[in-house]
Amino acid sequence: MGLSQEKMHENHIEERCVMHALELTLNKYNIDKSHIFLMGNSMGAIGTFYLPTIHPGLFRALSPSGGCPDLEYFDVEPLKGLPIRMVGGTEDYHGFDHIEYGYNQLIKKGHKACELIRVGGGQHPDAWTYVLEETFEFFERF
């Protein structure tokens, strides 16, 4: 079953809002457009996987945390070669399993530039904050 027309319209509006915010930021600040990185938590993690598939080549590396789409049914081909640092807390009320499952799906589909970070004691809203410095170090490598 595909997405309803209404849901597809909502997704398009959400994508446009994020891309508009990025455009405003790029216009206001002196940013190297070849070094744009993307990270998001929870629903933002889903967007972190989604946006590079519809804007290939825009992002240099990704760090989704606290969430992962079901990559068994997700076209990861546009993500191949894109470094991804997945972060999840062991105490996430959604569970860590779905993040680990998504990581394994990426590896199974041939994605080699991916790492999985388990934050011991980390919870859904804040696990990513415990490893923020290391995430920026990850981005600096690319």
# chains A, B, ... in the order shown; residues from 1 in each chain; ligands from 1

call {"tool": "select_by_dssp", "arguments": {"residues": "chain A", "states": "strand (DSSP E or B)", "output": "NGL selection string"}}
result
:A and (37-41 or 61-65 or 84-89 or 114-119)

call {"tool": "write_last_selection", "arguments": {"atoms": "all heavy atoms", "output": "short mmCIF file (atom, residue, chain, number, x, y, z; two decimals), in the first residue's frame"}}
result
data_model
loop_
_atom_site.label_atom_id
_atom_site.label_comp_id
_atom_site.auth_asym_id
_atom_site.auth_seq_id
_atom_site.Cartn_x
_atom_site.Cartn_y
_atom_site.Cartn_z
N PHE A 37 26.47 18.86 6.13
CA PHE A 37 26.23 17.62 6.85
C PHE A 37 24.81 17.64 7.40
O PHE A 37 24.25 18.70 7.63
CB PHE A 37 27.24 17.47 7.99
CG PHE A 37 28.66 17.53 7.50
CD1 PHE A 37 29.37 18.72 7.52
CD2 PHE A 37 29.28 16.41 6.99
CE1 PHE A 37 30.66 18.79 7.05
CE2 PHE A 37 30.58 16.47 6.51
CZ PHE A 37 31.28 17.67 6.55
N LEU A 38 24.26 16.46 7.62
CA LEU A 38 22.87 16.37 8.05
C LEU A 38 22.76 15.44 9.24
O LEU A 38 23.31 14.33 9.22
CB LEU A 38 22.01 15.86 6.89
CG LEU A 38 20.50 15.81 7.08
CD1 LEU A 38 19.92 17.20 7.36
CD2 LEU A 38 19.85 15.20 5.85
N MET A 39 22.07 15.90 10.28
CA MET A 39 21.79 15.04 11.42
C MET A 39 20.40 15.36 11.94
O MET A 39 19.89 16.47 11.75
CB MET A 39 22.85 15.20 12.52
CG MET A 39 22.94 16.56 13.16
SD MET A 39 24.34 16.74 14.31
CE MET A 39 23.94 15.59 15.60
N GLY A 40 19.78 14.37 12.55
CA GLY A 40 18.46 14.58 13.12
C GLY A 40 18.13 13.45 14.08
O GLY A 40 18.67 12.34 13.96
N ASN A 41 17.28 13.74 15.03
CA ASN A 41 16.88 12.76 16.04
C ASN A 41 15.41 12.40 15.88
O ASN A 41 14.59 13.25 15.56
CB ASN A 41 17.12 13.33 17.45
CG ASN A 41 16.91 12.29 18.52
OD1 ASN A 41 17.60 11.28 18.56
ND2 ASN A 41 15.96 12.53 19.39
N ALA A 61 27.88 13.94 4.68
CA ALA A 61 27.81 12.82 5.62
C ALA A 61 26.54 13.00 6.46
O ALA A 61 26.00 14.11 6.56
CB ALA A 61 29.04 12.76 6.51
N LEU A 62 26.09 11.89 7.06
CA LEU A 62 24.83 11.89 7.82
C LEU A 62 25.04 11.34 9.22
O LEU A 62 25.88 10.46 9.42
CB LEU A 62 23.80 11.00 7.12
CG LEU A 62 23.58 11.17 5.64
CD1 LEU A 62 22.60 10.12 5.13
CD2 LEU A 62 23.09 12.57 5.32
N SER A 63 24.22 11.81 10.16
CA SER A 63 24.21 11.22 11.50
C SER A 63 22.78 11.19 12.04
O SER A 63 22.37 12.06 12.79
CB SER A 63 25.13 11.98 12.45
OG SER A 63 25.16 11.32 13.71
N PRO A 64 22.02 10.16 11.66
CA PRO A 64 20.68 10.00 12.24
C PRO A 64 20.79 9.37 13.62
O PRO A 64 21.67 8.55 13.89
CB PRO A 64 20.01 9.03 11.25
CG PRO A 64 21.14 8.24 10.68
CD PRO A 64 22.33 9.17 10.64
N SER A 65 19.89 9.77 14.53
CA SER A 65 19.88 9.20 15.87
C SER A 65 18.45 8.98 16.34
O SER A 65 17.53 9.70 15.94
CB SER A 65 20.63 10.10 16.86
OG SER A 65 20.02 11.37 16.93
N ILE A 84 27.73 7.43 7.04
CA ILE A 84 26.58 7.51 7.96
C ILE A 84 27.03 7.05 9.34
O ILE A 84 27.61 5.99 9.49
CB ILE A 84 25.41 6.64 7.48
CG1 ILE A 84 24.95 7.07 6.09
CG2 ILE A 84 24.25 6.70 8.47
CD1 ILE A 84 23.88 6.18 5.48
N ARG A 85 26.73 7.86 10.34
CA ARG A 85 27.02 7.54 11.74
C ARG A 85 25.68 7.45 12.47
O ARG A 85 25.09 8.46 12.81
CB ARG A 85 27.90 8.62 12.35
CG ARG A 85 28.29 8.36 13.79
CD ARG A 85 29.23 9.45 14.26
NE ARG A 85 30.14 8.97 15.26
CZ ARG A 85 29.98 9.18 16.56
NH1 ARG A 85 28.94 9.85 17.01
NH2 ARG A 85 30.86 8.70 17.42
N MET A 86 25.21 6.24 12.67
CA MET A 86 23.92 6.03 13.34
C MET A 86 24.15 6.00 14.85
O MET A 86 25.06 5.32 15.33
CB MET A 86 23.28 4.74 12.86
CG MET A 86 22.96 4.75 11.38
SD MET A 86 22.36 3.16 10.77
CE MET A 86 20.75 3.09 11.56
N VAL A 87 23.29 6.72 15.60
CA VAL A 87 23.43 6.82 17.05
C VAL A 87 22.12 6.40 17.70
O VAL A 87 21.04 6.81 17.27
CB VAL A 87 23.78 8.27 17.47
CG1 VAL A 87 23.85 8.40 18.98
CG2 VAL A 87 25.09 8.73 16.83
N GLY A 88 22.25 5.60 18.75
CA GLY A 88 21.06 5.19 19.51
C GLY A 88 21.41 4.93 20.95
O GLY A 88 22.51 4.48 21.27
N GLY A 89 20.46 5.23 21.82
CA GLY A 89 20.64 4.99 23.24
C GLY A 89 20.13 3.62 23.65
O GLY A 89 19.09 3.18 23.15
N CYS A 114 29.36 3.01 6.96
CA CYS A 114 28.38 3.20 8.02
C CYS A 114 28.95 2.71 9.35
O CYS A 114 29.65 1.70 9.39
CB CYS A 114 27.12 2.41 7.66
SG CYS A 114 25.74 2.74 8.73
N GLU A 115 28.63 3.44 10.41
CA GLU A 115 29.00 2.99 11.75
C GLU A 115 27.81 3.14 12.68
O GLU A 115 26.94 3.99 12.47
CB GLU A 115 30.22 3.73 12.27
CG GLU A 115 30.08 5.23 12.38
CD GLU A 115 31.38 5.91 12.81
OE1 GLU A 115 32.38 5.81 12.08
OE2 GLU A 115 31.36 6.54 13.89
N LEU A 116 27.78 2.30 13.70
CA LEU A 116 26.69 2.29 14.67
C LEU A 116 27.27 2.61 16.04
O LEU A 116 28.20 1.95 16.50
CB LEU A 116 26.02 0.91 14.69
CG LEU A 116 24.92 0.69 15.71
CD1 LEU A 116 23.74 1.63 15.46
CD2 LEU A 116 24.47 -0.76 15.69
N ILE A 117 26.71 3.63 16.69
CA ILE A 117 27.16 4.05 18.00
C ILE A 117 26.07 3.76 19.03
O ILE A 117 24.95 4.28 18.92
CB ILE A 117 27.49 5.57 18.02
CG1 ILE A 117 28.46 5.94 16.89
CG2 ILE A 117 28.00 6.00 19.38
CD1 ILE A 117 29.77 5.21 16.90
N ARG A 118 26.39 2.93 20.01
CA ARG A 118 25.49 2.62 21.12
C ARG A 118 25.87 3.53 22.28
O ARG A 118 27.01 3.51 22.73
CB ARG A 118 25.66 1.18 21.58
CG ARG A 118 25.09 0.16 20.68
CD ARG A 118 25.38 -1.25 21.25
NE ARG A 118 24.92 -2.26 20.36
CZ ARG A 118 25.58 -2.71 19.30
NH1 ARG A 118 26.75 -2.19 19.01
NH2 ARG A 118 25.08 -3.65 18.53
N VAL A 119 24.91 4.29 22.76
CA VAL A 119 25.16 5.17 23.89
C VAL A 119 24.56 4.50 25.12
O VAL A 119 23.34 4.47 25.30
CB VAL A 119 24.53 6.57 23.66
CG1 VAL A 119 24.78 7.46 24.86
CG2 VAL A 119 25.09 7.20 22.39
#

call {"tool": "residues_around", "arguments": {"residues": "Asp126 of chain A", "least_positions_apart": "3", "cutoff": "9 Å", "atoms": "only C-alpha atoms", "output": "MDAnalysis selection string"}}
result
chainID A and resid 41 66 89 122:123 129:130

call {"tool": "write_last_selection", "arguments": {"atoms": "C-alpha atoms", "output": "PDB file, in the first residue's frame"}}
result
ATOM      1  CA  ASN A  41      16.879  12.761  16.039  1.00  0.00           C
ATOM      2  CA  GLY A  66      16.974   7.733  17.790  1.00  0.00           C
ATOM      3  CA  GLY A  89      20.643   4.993  23.243  1.00  0.00           C
ATOM      4  CA  GLY A 122      21.181   7.095  26.547  1.00  0.00           C
ATOM      5  CA  GLN A 123      17.478   7.779  26.135  1.00  0.00           C
ATOM      6  CA  THR A 129      24.017  14.724  22.968  1.00  0.00           C
ATOM      7  CA  TYR A 130      26.416  12.374  24.773  1.00  0.00           C
TER       8      TYR A 130
END

call {"tool": "closest_residue", "arguments": {"among": "A:Pro83, A:Phe74, A:Glu100, A:Gly47", "to": "Thr135 of chain A", "atoms": "only C-alpha atoms"}}
result
A:Pro83

call {"tool": "atom_distance", "arguments": {"atom1": "atom CA of Lys108 of chain A", "atom2": "atom CA of Gly121 of chain A"}}
result
27.6 Å

call {"tool": "closest_residue", "arguments": {"among": "A:His98, A:Arg60, A:Lys80, A:His55", "to": "Lys33 of chain A", "atoms": "only C-alpha atoms"}}
result
A:Arg60

call {"tool": "atom_distance", "arguments": {"atom1": "atom CA of His94 of chain A", "atom2": "atom CA of His124 of chain A"}}
result
7.3 Å

call {"tool": "select_by_dssp", "arguments": {"residues": "chain A", "states": "helix (DSSP H, G or I)", "output": "tab-separated table (two decimals) with N, CA and C atoms, in the first residue's frame"}}
result
chain	number	residue	atom	x	y	z
A	5	GLN	N	-2.46	10.50	-1.16
A	5	GLN	CA	-2.14	11.80	-1.77
A	5	GLN	C	-1.93	12.84	-0.68
A	6	GLU	N	-2.75	12.78	0.37
A	6	GLU	CA	-2.64	13.76	1.46
A	6	GLU	C	-1.29	13.62	2.17
A	7	LYS	N	-0.88	12.37	2.45
A	7	LYS	CA	0.40	12.14	3.13
A	7	LYS	C	1.57	12.55	2.24
A	8	MET	N	1.50	12.26	0.95
A	8	MET	CA	2.57	12.67	0.04
A	8	MET	C	2.68	14.19	0.01
A	9	HIS	N	1.53	14.88	0.06
A	9	HIS	CA	1.53	16.35	0.08
A	9	HIS	C	2.17	16.86	1.37
A	10	GLU	N	1.83	16.23	2.51
A	10	GLU	CA	2.43	16.62	3.80
A	10	GLU	C	3.94	16.44	3.76
A	11	ASN	N	4.40	15.29	3.24
A	11	ASN	CA	5.84	15.03	3.16
A	11	ASN	C	6.53	16.07	2.29
A	12	HIS	N	5.90	16.46	1.19
A	12	HIS	CA	6.48	17.46	0.31
A	12	HIS	C	6.60	18.81	1.02
A	13	ILE	N	5.59	19.18	1.78
A	13	ILE	CA	5.63	20.45	2.52
A	13	ILE	C	6.74	20.41	3.56
A	14	GLU	N	6.86	19.30	4.29
A	14	GLU	CA	7.91	19.17	5.30
A	14	GLU	C	9.29	19.27	4.66
A	15	GLU	N	9.48	18.59	3.55
A	15	GLU	CA	10.76	18.66	2.84
A	15	GLU	C	11.05	20.08	2.41
A	16	ARG	N	10.07	20.76	1.86
A	16	ARG	CA	10.26	22.14	1.40
A	16	ARG	C	10.64	23.06	2.55
A	17	CYS	N	10.06	22.84	3.73
A	17	CYS	CA	10.40	23.66	4.91
A	17	CYS	C	11.86	23.48	5.30
A	18	VAL	N	12.33	22.25	5.33
A	18	VAL	CA	13.72	21.98	5.67
A	18	VAL	C	14.65	22.58	4.62
A	19	MET	N	14.33	22.38	3.37
A	19	MET	CA	15.19	22.89	2.30
A	19	MET	C	15.18	24.42	2.28
A	20	HIS	N	14.06	25.03	2.62
A	20	HIS	CA	13.99	26.49	2.69
A	20	HIS	C	14.87	27.00	3.83
A	21	ALA	N	14.82	26.34	4.99
A	21	ALA	CA	15.68	26.73	6.11
A	21	ALA	C	17.15	26.61	5.73
A	22	LEU	N	17.51	25.56	5.00
A	22	LEU	CA	18.88	25.39	4.54
A	22	LEU	C	19.26	26.51	3.58
A	23	GLU	N	18.36	26.83	2.66
A	23	GLU	CA	18.63	27.90	1.69
A	23	GLU	C	18.85	29.24	2.41
A	24	LEU	N	18.01	29.55	3.39
A	24	LEU	CA	18.17	30.80	4.14
A	24	LEU	C	19.53	30.84	4.85
A	25	THR	N	19.91	29.72	5.44
A	25	THR	CA	21.18	29.64	6.15
A	25	THR	C	22.35	29.81	5.19
A	26	LEU	N	22.29	29.15	4.04
A	26	LEU	CA	23.36	29.27	3.05
A	26	LEU	C	23.48	30.69	2.53
A	27	ASN	N	22.35	31.38	2.39
A	27	ASN	CA	22.37	32.76	1.90
A	27	ASN	C	22.88	33.75	2.94
A	28	LYS	N	22.66	33.45	4.22
A	28	LYS	CA	23.03	34.39	5.29
A	28	LYS	C	24.48	34.23	5.74
A	43	MET	N	12.11	11.54	14.53
A	43	MET	CA	11.55	11.76	13.20
A	43	MET	C	12.58	12.45	12.31
A	44	GLY	N	13.43	13.26	12.93
A	44	GLY	CA	14.51	13.90	12.18
A	44	GLY	C	15.50	12.89	11.63
A	45	ALA	N	15.64	11.74	12.30
A	45	ALA	CA	16.50	10.68	11.77
A	45	ALA	C	15.92	10.12	10.48
A	46	ILE	N	14.60	10.00	10.44
A	46	ILE	CA	13.95	9.51	9.21
A	46	ILE	C	14.23	10.49	8.07
A	47	GLY	N	14.09	11.78	8.36
A	47	GLY	CA	14.40	12.81	7.36
A	47	GLY	C	15.86	12.80	6.96
A	48	THR	N	16.74	12.45	7.90
A	48	THR	CA	18.17	12.39	7.61
A	48	THR	C	18.47	11.29	6.60
A	49	PHE	N	17.69	10.22	6.64
A	49	PHE	CA	17.83	9.18	5.61
A	49	PHE	C	17.13	9.59	4.31
A	50	TYR	N	16.00	10.28	4.42
A	50	TYR	CA	15.16	10.57	3.26
A	50	TYR	C	15.72	11.70	2.37
A	51	LEU	N	16.10	12.82	2.97
A	51	LEU	CA	16.50	13.99	2.16
A	51	LEU	C	17.64	13.71	1.18
A	52	PRO	N	18.68	12.98	1.58
A	52	PRO	CA	19.74	12.71	0.59
A	52	PRO	C	19.29	11.85	-0.58
A	53	THR	N	18.20	11.13	-0.44
A	53	THR	CA	17.73	10.32	-1.56
A	53	THR	C	17.03	11.17	-2.61
A	54	ILE	N	16.49	12.32	-2.21
A	54	ILE	CA	15.83	13.19	-3.18
A	54	ILE	C	16.67	14.42	-3.53
A	71	LEU	N	14.59	-0.04	6.49
A	71	LEU	CA	15.45	0.01	5.31
A	71	LEU	C	15.31	-1.21	4.42
A	72	GLU	N	14.56	-2.20	4.87
A	72	GLU	CA	14.27	-3.34	4.01
A	72	GLU	C	13.46	-2.89	2.81
A	73	TYR	N	12.63	-1.86	3.01
A	73	TYR	CA	11.75	-1.36	1.95
A	73	TYR	C	12.13	0.04	1.50
A	77	GLU	N	20.11	2.92	-2.33
A	77	GLU	CA	21.09	3.10	-3.41
A	77	GLU	C	21.66	4.53	-3.43
A	78	PRO	N	20.82	5.59	-3.30
A	78	PRO	CA	21.38	6.95	-3.31
A	78	PRO	C	22.29	7.25	-2.11
A	79	LEU	N	22.23	6.40	-1.07
A	79	LEU	CA	23.04	6.62	0.12
A	79	LEU	C	24.40	5.94	0.05
A	97	ASP	N	16.79	-1.81	19.24
A	97	ASP	CA	16.77	-2.87	18.23
A	97	ASP	C	16.50	-2.36	16.81
A	98	HIS	N	15.55	-1.40	16.67
A	98	HIS	CA	15.21	-0.95	15.31
A	98	HIS	C	16.36	-0.18	14.66
A	99	ILE	N	17.17	0.49	15.48
A	99	ILE	CA	18.33	1.20	14.95
A	99	ILE	C	19.40	0.19	14.52
A	100	GLU	N	19.63	-0.80	15.36
A	100	GLU	CA	20.58	-1.85	15.03
A	100	GLU	C	20.12	-2.63	13.80
A	101	TYR	N	18.82	-2.88	13.71
A	101	TYR	CA	18.26	-3.58	12.55
A	101	TYR	C	18.50	-2.75	11.27
A	102	GLY	N	18.25	-1.44	11.36
A	102	GLY	CA	18.49	-0.56	10.20
A	102	GLY	C	19.95	-0.56	9.79
A	103	TYR	N	20.84	-0.52	10.76
A	103	TYR	CA	22.27	-0.59	10.47
A	103	TYR	C	22.60	-1.88	9.73
A	104	ASN	N	22.08	-2.99	10.24
A	104	ASN	CA	22.34	-4.29	9.60
A	104	ASN	C	21.76	-4.34	8.18
A	105	GLN	N	20.61	-3.69	7.97
A	105	GLN	CA	20.04	-3.64	6.62
A	105	GLN	C	20.94	-2.85	5.68
A	106	LEU	N	21.50	-1.74	6.15
A	106	LEU	CA	22.44	-0.97	5.32
A	106	LEU	C	23.64	-1.83	4.92
A	107	ILE	N	24.20	-2.52	5.89
A	107	ILE	CA	25.36	-3.37	5.62
A	107	ILE	C	24.97	-4.47	4.63
A	108	LYS	N	23.81	-5.09	4.85
A	108	LYS	CA	23.33	-6.17	3.98
A	108	LYS	C	23.15	-5.68	2.54
A	127	ALA	N	20.27	10.79	23.72
A	127	ALA	CA	21.45	9.94	23.52
A	127	ALA	C	22.48	10.62	22.61
A	128	TRP	N	22.02	11.27	21.57
A	128	TRP	CA	22.93	11.92	20.61
A	128	TRP	C	23.77	13.01	21.26
A	129	THR	N	23.27	13.64	22.33
A	129	THR	CA	24.02	14.72	22.97
A	129	THR	C	25.26	14.22	23.67
A	130	TYR	N	25.26	12.94	24.08
A	130	TYR	CA	26.42	12.37	24.77
A	130	TYR	C	27.60	12.16	23.84
A	131	VAL	N	27.34	12.11	22.56
A	131	VAL	CA	28.41	11.84	21.58
A	131	VAL	C	28.50	12.95	20.53
A	132	LEU	N	28.01	14.13	20.86
A	132	LEU	CA	27.98	15.23	19.89
A	132	LEU	C	29.39	15.63	19.44
A	133	GLU	N	30.32	15.73	20.38
A	133	GLU	CA	31.68	16.10	20.00
A	133	GLU	C	32.27	15.07	19.03
A	134	GLU	N	32.05	13.78	19.30
A	134	GLU	CA	32.55	12.73	18.41
A	134	GLU	C	31.85	12.76	17.06
A	135	THR	N	30.57	13.17	17.04
A	135	THR	CA	29.85	13.29	15.77
A	135	THR	C	30.44	14.40	14.92
A	136	PHE	N	30.78	15.52	15.54
A	136	PHE	CA	31.44	16.59	14.79
A	136	PHE	C	32.82	16.14	14.30
A	137	GLU	N	33.53	15.35	15.09
A	137	GLU	CA	34.81	14.80	14.64
A	137	GLU	C	34.60	13.87	13.45
A	138	PHE	N	33.51	13.09	13.48
A	138	PHE	CA	33.15	12.23	12.35
A	138	PHE	C	32.93	13.07	11.10
A	139	PHE	N	32.16	14.17	11.22
A	139	PHE	CA	31.91	15.04	10.07
A	139	PHE	C	33.22	15.65	9.56
A	140	GLU	N	34.11	16.02	10.46
A	140	GLU	CA	35.38	16.66	10.04
A	140	GLU	C	36.23	15.73	9.18

call {"tool": "atom_distance", "arguments": {"atom1": "atom CA of Leu82 of chain A", "atom2": "atom CA of Pro69 of chain A"}}
result
16.8 Å

call {"tool": "closest_residue", "arguments": {"among": "A:Thr90, A:Gly81, A:Tyr29, A:Gly120", "to": "Phe59 of chain A", "atoms": "only C-alpha atoms"}}
result
A:Gly81
